[in-house]
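What follows is a short report on a single structure.
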Amino acid sequence: MGKNLQNNNPDTESIFPVLKKDRNWSSNDLLLVSISNSVATWCFLMGGFAGYFLNAKMGSAALIAGSMIGIFLVALALVPVTTKYGLESVITSKTFFGNRGWIIALILQYVSVIGWNSILLIFFGKAASRMLLEAGFISTGEQNVAMSVLTLIALIFVWFSLRKGALSVRAISKIIAIIIMLIGAWMFYMIINNFGINGIAEAKPLASSGDKLWDYVTGVEIGLVSLMAWWPYIGGIVRVVPKTSQATIPTMLGLGLPVAIMSIIGLISILVIGDPDPTSWMTELGGVVIGSIALLFIALANFGSAIIGVYISSLGLRHIPFIQKLSWNQTTALAILPVALIVIFVPEVFFENFGTFLALSGVLFAPLIGIQIVDYHLFRNRRLDIKELYNSSLTSSYAFLKGWNPAAILGMVVGFVTYLYLLDPITYESNAPYQYVTATLPTMFVGAFVYWVVTKWLVIPRGWGGYK
């Protein structure tokens, strides 16, 4: 094991830690990759969902607050450990789930990334087919078929783009990040130019509950649960940055603030137009030529996030022994396959249940993030045994009870129940004190507290987990 680690392959698709001498991303590289990853058409859906409950002023404040609090918590859990040791997200979970229980994190990562990539590529197909429709290349009756064909072409492009691993991610992201920022500024201009500041400020939410506090907290919740889903992504992109000090600010500014800003476009859109989807109104506001160009840029912008998503899920899959025998190209194809099935067979069903998908992200990742913060910063004093992370036997320091840590399992279960009590992810019906504390934050804190108690009074006394 020691020999394998010392001869660690510097390729960033390796499952082993990236050594400091091989970490060649600068803060600017990470910032641009983060922007291209975070700013995509899912932002419009987030903002549109908030627009059901809040007006432009309160919705903007809630989305910014939720997004920045969310990214701070995710960064606290992952950035220090991944930059210190060059690890990706899933492998870090062995320290609290166990060297067999880590499969929970892998499943959560895989399912989450499949969901986000499906949203992106469905949106890509919509934007690209709408552009062809407006340009007169296809008829209305051919639009659905065109959307499926274009989405498949996009998936093939994503697969080819990842042939060089993180090198591909960095090169493509720099271009896409600039395009995203330009198109975002243009979209803000078009909406303000057409409806005016007063028109936007006076627009009413579509389905306000009548309880202003509940509506505002729900807007914050939307930001929080969306940013919780960055847990699978962060490890894969920050582990190639040399220092924590070089990664923290770019992560916060690249993965948090841009999401909130672009979400405001979706918020304003649904308030004044009635539809957060820019593919449905872009040509109406900008004209056929300019609108079609903008639709093309929106479609291209989704590639940055999709490419990073497939890259991240591929890294996680390579921890599975039989997948380690596959080539990198075969692994990325395996990561893409479920997305292809969704976007071909059930695109509308998945697209229409975006709010449920958001809430489930909070249910799944909030307790995990709380547990990791407690484990790494409190119990392990920010030190890991790297060799033991790759020891899959039951003699490993991270074997706990037959490879599973009961403290983490119990923390996840209690956190899950806490979320479901506070907020139904399907109906969005809530129970007190949701309107004061959100659902995500209590879920994270309860999961972390249960983990702390069980670890302190059961796990450590029994000598499990390699705590010192």
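Each chain in the structure tokens gets a letter, A, B, ..., in the order shown, and its residues are numbered from 1; ligands are numbered from 1 in order too.
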
Q. A:Val459: which residues within 9 Å, counting only C-alpha atoms, same-chain residues fewer than 2 positions away excluded, as a list in words?
A.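 Near A:Val459, the qualifying residues are Phe400, Leu401, Asn405, Pro406, Ala407, Val454, Thr455, Lys456, Trp457, Pro461, Arg462, Gly463, Trp464 and Gly465 of chain A.
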
Taking 2 positions as the minimum chain separation for residues in the same chain, which residues sit within 10 Å of stretch 265-278 of chain A when counting only C-alpha atoms? Answer as a ChimeraX atom specification. /A:41-57,59-60,63,123,126-127,184-185,187-188,191-192,194-195,199-206,260-263,280-285,291,294-295,298

Hey, can you spit out that residue selection with N, CA and C atoms as a short mmCIF file (atom, residue, chain, number, x, y, z; two decimals), in the first residue's frame?
```cif
data_model
loop_
_atom_site.label_atom_id
_atom_site.label_comp_id
_atom_site.auth_asym_id
_atom_site.auth_seq_id
_atom_site.Cartn_x
_atom_site.Cartn_y
_atom_site.Cartn_z
N THR A 41 -28.23 26.64 -16.05
CA THR A 41 -29.66 26.91 -16.11
C THR A 41 -30.41 26.41 -14.88
N TRP A 42 -29.76 25.62 -14.02
CA TRP A 42 -30.44 25.25 -12.78
C TRP A 42 -30.68 26.49 -11.91
N CYS A 43 -29.83 27.51 -12.09
CA CYS A 43 -30.02 28.76 -11.34
C CYS A 43 -31.37 29.39 -11.66
N PHE A 44 -31.75 29.37 -12.93
CA PHE A 44 -33.04 29.95 -13.32
C PHE A 44 -34.19 29.21 -12.65
N LEU A 45 -34.07 27.89 -12.55
CA LEU A 45 -35.13 27.10 -11.91
C LEU A 45 -35.20 27.40 -10.42
N MET A 46 -34.04 27.53 -9.78
CA MET A 46 -34.01 27.88 -8.36
C MET A 46 -34.72 29.21 -8.12
N GLY A 47 -34.32 30.22 -8.91
CA GLY A 47 -34.93 31.54 -8.75
C GLY A 47 -36.41 31.53 -9.06
N GLY A 48 -36.79 30.76 -10.09
CA GLY A 48 -38.20 30.66 -10.43
C GLY A 48 -39.01 30.02 -9.33
N PHE A 49 -38.43 29.04 -8.67
CA PHE A 49 -39.12 28.38 -7.57
C PHE A 49 -39.32 29.36 -6.41
N ALA A 50 -38.30 30.19 -6.14
CA ALA A 50 -38.42 31.20 -5.08
C ALA A 50 -39.47 32.24 -5.44
N GLY A 51 -39.66 32.49 -6.74
CA GLY A 51 -40.63 33.48 -7.19
C GLY A 51 -42.07 33.10 -6.93
N TYR A 52 -42.32 31.86 -6.62
CA TYR A 52 -43.68 31.47 -6.23
C TYR A 52 -44.05 32.07 -4.88
N PHE A 53 -43.03 32.34 -4.04
CA PHE A 53 -43.28 32.76 -2.67
C PHE A 53 -42.89 34.21 -2.39
N LEU A 54 -41.93 34.76 -3.16
CA LEU A 54 -41.33 36.05 -2.80
C LEU A 54 -41.28 37.01 -3.97
N ASN A 55 -41.32 38.31 -3.66
CA ASN A 55 -41.14 39.32 -4.70
C ASN A 55 -39.64 39.49 -4.99
N ALA A 56 -39.32 40.42 -5.88
CA ALA A 56 -37.94 40.56 -6.32
C ALA A 56 -37.00 40.94 -5.18
N LYS A 57 -37.40 41.89 -4.35
CA LYS A 57 -36.53 42.36 -3.27
C LYS A 57 -36.27 41.28 -2.24
N GLY A 59 -36.98 38.07 -2.45
CA GLY A 59 -36.44 36.86 -3.07
C GLY A 59 -34.95 36.96 -3.30
N SER A 60 -34.48 38.12 -3.75
CA SER A 60 -33.05 38.32 -3.98
C SER A 60 -32.28 38.19 -2.67
N LEU A 63 -32.27 34.43 -1.52
CA LEU A 63 -31.41 33.56 -2.33
C LEU A 63 -29.94 33.82 -2.04
N PHE A 123 -32.21 21.05 -20.16
CA PHE A 123 -32.26 22.47 -20.46
C PHE A 123 -31.48 22.77 -21.74
N LYS A 126 -33.62 21.84 -24.65
CA LYS A 126 -34.69 22.82 -24.83
C LYS A 126 -34.16 24.08 -25.51
N ALA A 127 -33.03 24.58 -25.02
CA ALA A 127 -32.47 25.81 -25.58
C ALA A 127 -32.05 25.61 -27.03
N GLY A 184 -25.17 36.50 -18.70
CA GLY A 184 -25.94 36.86 -17.52
C GLY A 184 -26.19 38.36 -17.45
N ALA A 185 -25.13 39.14 -17.74
CA ALA A 185 -25.28 40.60 -17.74
C ALA A 185 -26.26 41.04 -18.81
N MET A 187 -28.78 39.30 -20.04
CA MET A 187 -30.14 38.92 -19.66
C MET A 187 -30.72 39.90 -18.64
N PHE A 188 -29.91 40.33 -17.68
CA PHE A 188 -30.36 41.34 -16.72
C PHE A 188 -30.77 42.61 -17.46
N ILE A 191 -34.19 42.22 -19.38
CA ILE A 191 -35.37 42.21 -18.52
C ILE A 191 -35.66 43.60 -17.98
N ILE A 192 -34.62 44.28 -17.51
CA ILE A 192 -34.81 45.63 -16.96
C ILE A 192 -35.25 46.59 -18.05
N ASN A 194 -36.99 45.96 -20.69
CA ASN A 194 -38.35 45.69 -21.14
C ASN A 194 -39.40 45.98 -20.08
N PHE A 195 -39.04 45.79 -18.81
CA PHE A 195 -40.06 45.90 -17.76
C PHE A 195 -39.80 47.04 -16.77
N GLY A 199 -41.50 48.17 -12.58
CA GLY A 199 -42.31 47.01 -12.94
C GLY A 199 -41.85 45.75 -12.24
N ILE A 200 -40.54 45.59 -12.13
CA ILE A 200 -39.98 44.43 -11.43
C ILE A 200 -40.28 44.50 -9.93
N ALA A 201 -40.09 45.69 -9.35
CA ALA A 201 -40.30 45.86 -7.91
C ALA A 201 -41.75 45.65 -7.51
N GLU A 202 -42.69 45.99 -8.39
CA GLU A 202 -44.11 45.87 -8.06
C GLU A 202 -44.70 44.50 -8.37
N ALA A 203 -43.95 43.64 -9.06
CA ALA A 203 -44.46 42.32 -9.42
C ALA A 203 -44.70 41.46 -8.18
N LYS A 204 -45.82 40.76 -8.16
CA LYS A 204 -46.21 39.95 -7.01
C LYS A 204 -45.81 38.48 -7.20
N PRO A 205 -45.46 37.79 -6.11
CA PRO A 205 -45.17 36.36 -6.21
C PRO A 205 -46.41 35.58 -6.66
N LEU A 206 -46.18 34.44 -7.29
CA LEU A 206 -47.26 33.69 -7.90
C LEU A 206 -48.12 32.94 -6.90
N ALA A 260 -26.40 32.65 -6.62
CA ALA A 260 -27.43 33.56 -6.12
C ALA A 260 -27.76 34.63 -7.15
N ILE A 261 -26.73 35.21 -7.76
CA ILE A 261 -26.94 36.30 -8.72
C ILE A 261 -27.72 35.81 -9.94
N MET A 262 -27.32 34.66 -10.48
CA MET A 262 -28.01 34.15 -11.67
C MET A 262 -29.41 33.63 -11.32
N SER A 263 -29.59 33.18 -10.09
CA SER A 263 -30.93 32.75 -9.66
C SER A 263 -31.91 33.91 -9.66
N SER A 280 -37.87 30.10 -23.25
CA SER A 280 -39.23 30.38 -23.71
C SER A 280 -39.47 31.86 -23.99
N TRP A 281 -38.59 32.77 -23.47
CA TRP A 281 -38.83 34.20 -23.66
C TRP A 281 -37.66 34.97 -24.23
N MET A 282 -36.52 34.31 -24.42
CA MET A 282 -35.33 35.02 -24.86
C MET A 282 -35.52 35.68 -26.23
N THR A 283 -36.10 34.95 -27.18
CA THR A 283 -36.27 35.52 -28.51
C THR A 283 -37.35 36.59 -28.54
N GLU A 284 -38.32 36.52 -27.62
CA GLU A 284 -39.37 37.53 -27.56
C GLU A 284 -38.81 38.87 -27.09
N LEU A 285 -37.86 38.82 -26.15
CA LEU A 285 -37.28 40.06 -25.63
C LEU A 285 -36.15 40.59 -26.50
N GLY A 291 -31.75 36.84 -29.83
CA GLY A 291 -32.29 35.83 -28.93
C GLY A 291 -31.74 34.45 -29.23
N ALA A 294 -28.23 34.23 -27.96
CA ALA A 294 -28.25 34.08 -26.50
C ALA A 294 -28.62 32.65 -26.11
N LEU A 295 -29.59 32.07 -26.81
CA LEU A 295 -29.98 30.68 -26.53
C LEU A 295 -28.80 29.73 -26.77
N ILE A 298 -26.51 30.05 -23.82
CA ILE A 298 -27.07 29.36 -22.65
C ILE A 298 -26.87 27.87 -22.77
#
```

One residue among A:Met444, A:Leu76, A:Val145, A:Leu133 is nearest to A:Ala247 when using only C-alpha atoms, and that residue is A:Leu76

Which residues of stretch 269-332 of chain A sit at most 9 Å from stretch 220-244 of chain A, using only C-alpha atoms? Give each one's shortest atom pair and distance in Å (one decimal place), in chain and ascending residue order, as JSON lines.
```
{"residue": "A:Ile308", "atom": "CA", "partner": "A:Tyr233", "partner_atom": "CA", "distance": 7.7}
{"residue": "A:Gly309", "atom": "CA", "partner": "A:Tyr233", "partner_atom": "CA", "distance": 7.0}
{"residue": "A:Tyr311", "atom": "CA", "partner": "A:Gly236", "partner_atom": "CA", "distance": 8.0}
{"residue": "A:Ile312", "atom": "CA", "partner": "A:Gly236", "partner_atom": "CA", "distance": 5.7}
{"residue": "A:Ser313", "atom": "CA", "partner": "A:Pro232", "partner_atom": "CA", "distance": 7.8}
{"residue": "A:Leu315", "atom": "CA", "partner": "A:Gly236", "partner_atom": "CA", "distance": 7.5}
{"residue": "A:Gly316", "atom": "CA", "partner": "A:Pro232", "partner_atom": "CA", "distance": 8.7}
```

Could you take the residues named above and write them with C-alpha atoms, as a CSV table (one decimal), in the first residue's frame?
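To be explicit, this is the file written out as part_24.csv:
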```csv
chain,number,residue,atom,x,y,z
A,308,ILE,CA,-17.4,18.8,-14.2
A,309,GLY,CA,-20.4,16.7,-13.0
A,311,TYR,CA,-15.7,14.2,-14.0
A,312,ILE,CA,-16.7,14.2,-10.3
A,313,SER,CA,-19.0,11.2,-10.5
A,315,LEU,CA,-13.7,10.0,-9.7
A,316,GLY,CA,-16.1,8.6,-7.1
```

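Across A:Leu341, A:Leu394, A:Ala40, A:Val79, the tightest approach to A:His377 is made by A:Val79 when counting only C-alpha atoms.
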
Selected residue, from A:Leu378, A:Leu296, A:Ile197, A:Ile179, that lies nearest to A:Ile35 when counting only C-alpha atoms: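 Between A:Leu378, A:Leu296, A:Ile197, A:Ile179, the residue approaching A:Ile35 most closely is A:Ile179.
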
task: Might you pull out every residue within 10 Å of A:Ala306, with only C-alpha atoms counted and same-chain residues fewer than 6 positions away left off, and present them as a list in words?
output: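 After dropping sequence-adjacent residues, the list is Ser36, Asn37, Ala40, Val113, Ile114, Trp116, Asn117, Ser118, Ile119, Leu120, Leu121, Ala154, Leu155, Val158, Trp159, Ile312 and Ile336 of chain A.
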
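Counting only C-alpha atoms, the residue from A:Ala65, A:Ile122, A:Leu31, A:Leu19 that sits nearest to A:Lys84 is A:Leu19.
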
9 Å contact set for A:Ser38, only C-alpha atoms, chain neighbours under 6 positions out, as number ranges by chain: A: 230, 254-256, 258-259, 304-305

For the residues in that selection, give me N, CA and C atoms as a PDB file, in the first residue's frame.
```pdb
ATOM      1  N   TRP A 230     -23.302  20.880  -3.491  1.00  0.00           N
ATOM      2  CA  TRP A 230     -21.934  21.054  -3.978  1.00  0.00           C
ATOM      3  C   TRP A 230     -20.962  20.102  -3.288  1.00  0.00           C
ATOM      4  N   GLY A 254     -16.910  31.601  -6.242  1.00  0.00           N
ATOM      5  CA  GLY A 254     -17.208  30.917  -7.500  1.00  0.00           C
ATOM      6  C   GLY A 254     -18.389  29.977  -7.447  1.00  0.00           C
ATOM      7  N   LEU A 255     -18.613  29.351  -6.286  1.00  0.00           N
ATOM      8  CA  LEU A 255     -19.710  28.385  -6.173  1.00  0.00           C
ATOM      9  C   LEU A 255     -20.920  28.934  -5.429  1.00  0.00           C
ATOM     10  N   GLY A 256     -20.751  30.028  -4.697  1.00  0.00           N
ATOM     11  CA  GLY A 256     -21.861  30.560  -3.907  1.00  0.00           C
ATOM     12  C   GLY A 256     -22.516  31.785  -4.503  1.00  0.00           C
ATOM     13  N   PRO A 258     -22.188  33.505  -7.444  1.00  0.00           N
ATOM     14  CA  PRO A 258     -22.751  33.493  -8.808  1.00  0.00           C
ATOM     15  C   PRO A 258     -24.081  32.744  -8.900  1.00  0.00           C
ATOM     16  N   VAL A 259     -24.238  31.695  -8.105  1.00  0.00           N
ATOM     17  CA  VAL A 259     -25.511  30.967  -8.111  1.00  0.00           C
ATOM     18  C   VAL A 259     -26.644  31.890  -7.693  1.00  0.00           C
ATOM     19  N   GLY A 304     -20.164  23.385 -19.216  1.00  0.00           N
ATOM     20  CA  GLY A 304     -19.178  23.489 -18.138  1.00  0.00           C
ATOM     21  C   GLY A 304     -19.587  22.694 -16.926  1.00  0.00           C
ATOM     22  N   SER A 305     -20.836  22.879 -16.494  1.00  0.00           N
ATOM     23  CA  SER A 305     -21.323  22.156 -15.316  1.00  0.00           C
ATOM     24  C   SER A 305     -21.457  20.663 -15.590  1.00  0.00           C
TER      25      SER A 305
END
```

re atom CA of A:Ile386 and atom CA of A:Trp102: distance 15.1 Å

For A:Val18, the closest of A:Leu87, A:Ile156, A:Leu32, A:Val39 counting only C-alpha atoms is A:Leu87

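What separates atom CA of A:Leu108 from atom CA of A:Ala399 is a distance of 20.3 Å.
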
Work out how far apart atom CA of A:Arg100 and atom CA of A:Lys468 are and give it in Å to one decimal.
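Interatomic distance here is 21.3 Å.
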
- Every residue of stretch 395-431 of chain A that DSSP places in strand (DSSP E or B), as JSON, numbers by chain: {"A": [401, 404, 423, 430]}

I need the alpha helix (DSSP H) residues of stretch 267-346 of chain A per DSSP on the backbone, written as a ChimeraX atom specification.
/A:267-272,282-286,288-317,321-324,328-345
